[in-house]
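Here the structure is laid out as structure tokens; the discussion comes afterwards.
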Amino acid sequence: MGHLDHAALGWLTPVLSYAMACTGAALGLRCTVRALAATGSVRRNWLLTAASAVGTGIWTMHFVAMLGFAVSGTDIRYDVPLTLAGLLVAMAVVCAGVFAVGHGRDRVRALLLGGLTTGLGVASMHYLGMAAVRLHGEVSYDPVLVGLSVLIAVVAATAALWAALNIRSPVAVTLASLIMGAAVSSMHYTGMFAVSVRVTPSGEPLPGATAMQFIFPLAVGLGSYLFITSAFVALSPTAGEREASASAQRPAGHTAH
């Protein structure tokens, strides 16, 4: 069995991946709050932004964490199409979950359906990412830990969507995003601890790209998208803030008709 190291670069990758998960969750929650206060195409656009933020945050969290993954006795490469498929899956299922909550008439049913869909999608993204790993040897999984990681993903997704429906204040959104980031990170590392590798030493070159060749530039690009979008959302006023500003600018004694 090859020795697995989940933090080959020290605490850098776990801390940075947690920050990515929290940023994506915070942005997603903030955008969902905006969406629920809007209607029509404005609501749809906020929900799409929320889905892309959460999906991007989860995917970036996973692969930043994978930068610290190493197995003794073998190099590691990543299948590029499968890795990108994981990103598309993350965005698509989070989008489905967010829209179920954003447009559902029965809030409880929409929450449970959205949480289940999003949680299974997050887990699918994780295991698609693991399927993209190429190394000299065979990868196997502990089914109990795999099941636990999927359960954590579903519970975390349901909790995040509940927070999006019920939490309004910036302080509460921040706290919820920190908890969501911890849950997503827990799901990732539970899934990683389910992995065992039987190394077969070989001099054959591995197919695929190294983490630094492919994943690192993509993760940096998506991370930049998250932070730029976060700044835009933070600086754009809410409907309530716009109304308060308009009221403050009305001349004294002026009554709107």
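Labels used: A, B, ... for chains in the order of the structure tokens, numbers from 1 for residues in each chain, and numbers from 1 for ligands as shown.
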Just list as a VMD selection string whatever in region 54-165 of chain A DSSP marks as alpha helix (DSSP H). chain A and resid 54 to 66 80 to 103 107 to 131 143 to 165
Please provide as a list in words all residues within 9 Å of Arg77 (chain A), with the sequence filter that same-chain residues fewer than 6 positions apart are discarded (counting only C-alpha atoms).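 Once the adjacent positions are removed, what remains is Ala132, Val133, Arg134, Leu135, Leu206, Pro207, Gly208, Ala209, Thr210 and Ala211 of chain A.
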Just checking: using only C-alpha atoms, which residue out of A:Ala110, A:Leu67, A:Val220, A:Met130 ends up closest to His6 (chain A)?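 Result for the nearest residue to His6 (chain A): A:Leu67.
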Env of Met20 (chain A): 12 Å cut, atoms = only C-alpha atoms, seq-sep filter 2 positions within chain, self excluded. Answer as a compact mmCIF listing (two decimals) with C-alpha atoms, in the first residue's frame.
```
# COMPACT_ATOMS: atom_id res chain seq x y z
CA THR A 13 -3.74 23.73 1.02
CA PRO A 14 -6.28 22.88 3.79
CA VAL A 15 -6.48 26.52 4.92
CA LEU A 16 -6.66 27.95 1.39
CA SER A 17 -9.23 25.36 0.29
CA TYR A 18 -11.38 26.19 3.35
CA CYS A 22 -16.30 29.86 2.64
CA THR A 23 -16.02 32.56 -0.04
CA GLY A 24 -18.17 30.58 -2.48
CA ALA A 25 -20.76 29.87 0.23
CA ALA A 26 -20.89 33.50 1.42
CA LEU A 27 -21.29 34.81 -2.12
CA ALA A 53 -20.37 31.08 -7.02
CA VAL A 54 -21.20 28.03 -4.88
CA GLY A 55 -20.27 25.58 -7.66
CA THR A 56 -17.00 27.38 -8.36
CA GLY A 57 -16.20 27.62 -4.64
CA ILE A 58 -16.76 23.90 -4.05
CA TRP A 59 -14.78 22.84 -7.13
CA THR A 60 -11.91 25.21 -6.31
CA MET A 61 -11.91 24.00 -2.69
CA HIS A 62 -11.63 20.38 -3.86
CA PHE A 63 -8.74 20.91 -6.25
CA VAL A 64 -6.80 23.34 -4.07
CA ALA A 65 -6.98 20.61 -1.42
CA SER A 177 -20.72 30.55 5.27
CA LEU A 178 -17.99 29.62 7.79
CA MET A 180 -20.81 25.68 5.27
CA GLY A 181 -17.09 25.91 4.41
CA ALA A 182 -16.27 23.60 7.31
CA VAL A 184 -17.70 21.07 2.57
CA SER A 185 -14.10 20.62 3.77
CA ALA A 219 -8.01 27.22 -9.46
CA VAL A 220 -6.29 30.63 -9.36
CA LEU A 222 -11.72 30.63 -10.59
CA GLY A 223 -10.60 31.94 -7.20
CA SER A 224 -10.06 35.37 -8.78
CA TYR A 225 -13.57 35.18 -10.27
CA LEU A 226 -14.98 34.46 -6.80
CA PHE A 227 -13.23 37.41 -5.17
CA SER A 230 -17.78 39.02 -4.18
```
Contact residues around Leu145 (chain A) with only C-alpha atoms at 7 Å, ignoring same-chain residues under 5 positions, as a PyMOL selection string: chain A and resi 190-191+194
Grab the CA of Ala7 (chain A) to CA of Tyr189 (chain A) distance for me, in Å with one decimal place. 10.6 Å
Within 8 Å of Ala153 (chain A), counting only C-alpha atoms, which residues qualify if same-chain residues fewer than 5 places away don't, as a ChimeraX atom specification? /A:119-120,122-123,183-184,187
What does the distance between CA of Leu82 (chain A) and CA of Leu112 (chain A) come to in Å, to one decimal place? 28.7 Å
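Backbone DSSP over region 157-230 of chain A gives strand (DSSP E) for Val195, Ser196, Val197, Arg198 and Val199 of chain A.
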With all heavy atoms retained, write the just-selected residues as a PDB file, in the first residue's frame.
```pdb
ATOM      1  N   VAL A 195      -9.954   6.702   0.738  1.00  0.00           N
ATOM      2  CA  VAL A 195      -9.098   6.233  -0.357  1.00  0.00           C
ATOM      3  C   VAL A 195      -7.925   5.410   0.168  1.00  0.00           C
ATOM      4  O   VAL A 195      -7.294   5.758   1.170  1.00  0.00           O
ATOM      5  CB  VAL A 195      -8.540   7.439  -1.149  1.00  0.00           C
ATOM      6  CG1 VAL A 195      -7.543   6.982  -2.227  1.00  0.00           C
ATOM      7  CG2 VAL A 195      -9.670   8.234  -1.769  1.00  0.00           C
ATOM      8  N   SER A 196      -7.636   4.312  -0.512  1.00  0.00           N
ATOM      9  CA  SER A 196      -6.385   3.590  -0.300  1.00  0.00           C
ATOM     10  C   SER A 196      -5.808   3.253  -1.676  1.00  0.00           C
ATOM     11  O   SER A 196      -6.561   3.083  -2.643  1.00  0.00           O
ATOM     12  CB  SER A 196      -6.594   2.319   0.532  1.00  0.00           C
ATOM     13  OG  SER A 196      -7.532   1.473  -0.081  1.00  0.00           O
ATOM     14  N   VAL A 197      -4.487   3.214  -1.771  1.00  0.00           N
ATOM     15  CA  VAL A 197      -3.818   3.005  -3.055  1.00  0.00           C
ATOM     16  C   VAL A 197      -2.826   1.856  -2.940  1.00  0.00           C
ATOM     17  O   VAL A 197      -1.977   1.844  -2.032  1.00  0.00           O
ATOM     18  CB  VAL A 197      -3.081   4.288  -3.518  1.00  0.00           C
ATOM     19  CG1 VAL A 197      -2.365   4.036  -4.849  1.00  0.00           C
ATOM     20  CG2 VAL A 197      -4.049   5.457  -3.655  1.00  0.00           C
ATOM     21  N   ARG A 198      -2.950   0.886  -3.830  1.00  0.00           N
ATOM     22  CA  ARG A 198      -1.963  -0.185  -3.952  1.00  0.00           C
ATOM     23  C   ARG A 198      -1.035   0.200  -5.101  1.00  0.00           C
ATOM     24  O   ARG A 198      -1.418   0.148  -6.271  1.00  0.00           O
ATOM     25  CB  ARG A 198      -2.632  -1.524  -4.226  1.00  0.00           C
ATOM     26  CG  ARG A 198      -1.669  -2.705  -4.207  1.00  0.00           C
ATOM     27  CD  ARG A 198      -2.401  -4.005  -4.470  1.00  0.00           C
ATOM     28  NE  ARG A 198      -3.370  -4.312  -3.420  1.00  0.00           N
ATOM     29  CZ  ARG A 198      -3.033  -4.887  -2.256  1.00  0.00           C
ATOM     30  NH1 ARG A 198      -1.767  -5.198  -1.992  1.00  0.00           N
ATOM     31  NH2 ARG A 198      -3.968  -5.136  -1.356  1.00  0.00           N
ATOM     32  N   VAL A 199       0.167   0.637  -4.763  1.00  0.00           N
ATOM     33  CA  VAL A 199       1.103   1.155  -5.766  1.00  0.00           C
ATOM     34  C   VAL A 199       1.761   0.009  -6.536  1.00  0.00           C
ATOM     35  O   VAL A 199       2.178  -0.997  -5.960  1.00  0.00           O
ATOM     36  CB  VAL A 199       2.182   2.032  -5.099  1.00  0.00           C
ATOM     37  CG1 VAL A 199       3.238   2.463  -6.114  1.00  0.00           C
ATOM     38  CG2 VAL A 199       1.541   3.252  -4.440  1.00  0.00           C
TER      39      VAL A 199
END
```
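Atom to atom, CA of Gly97 (chain A) and CA of Thr118 (chain A) stand 5.3 Å apart.
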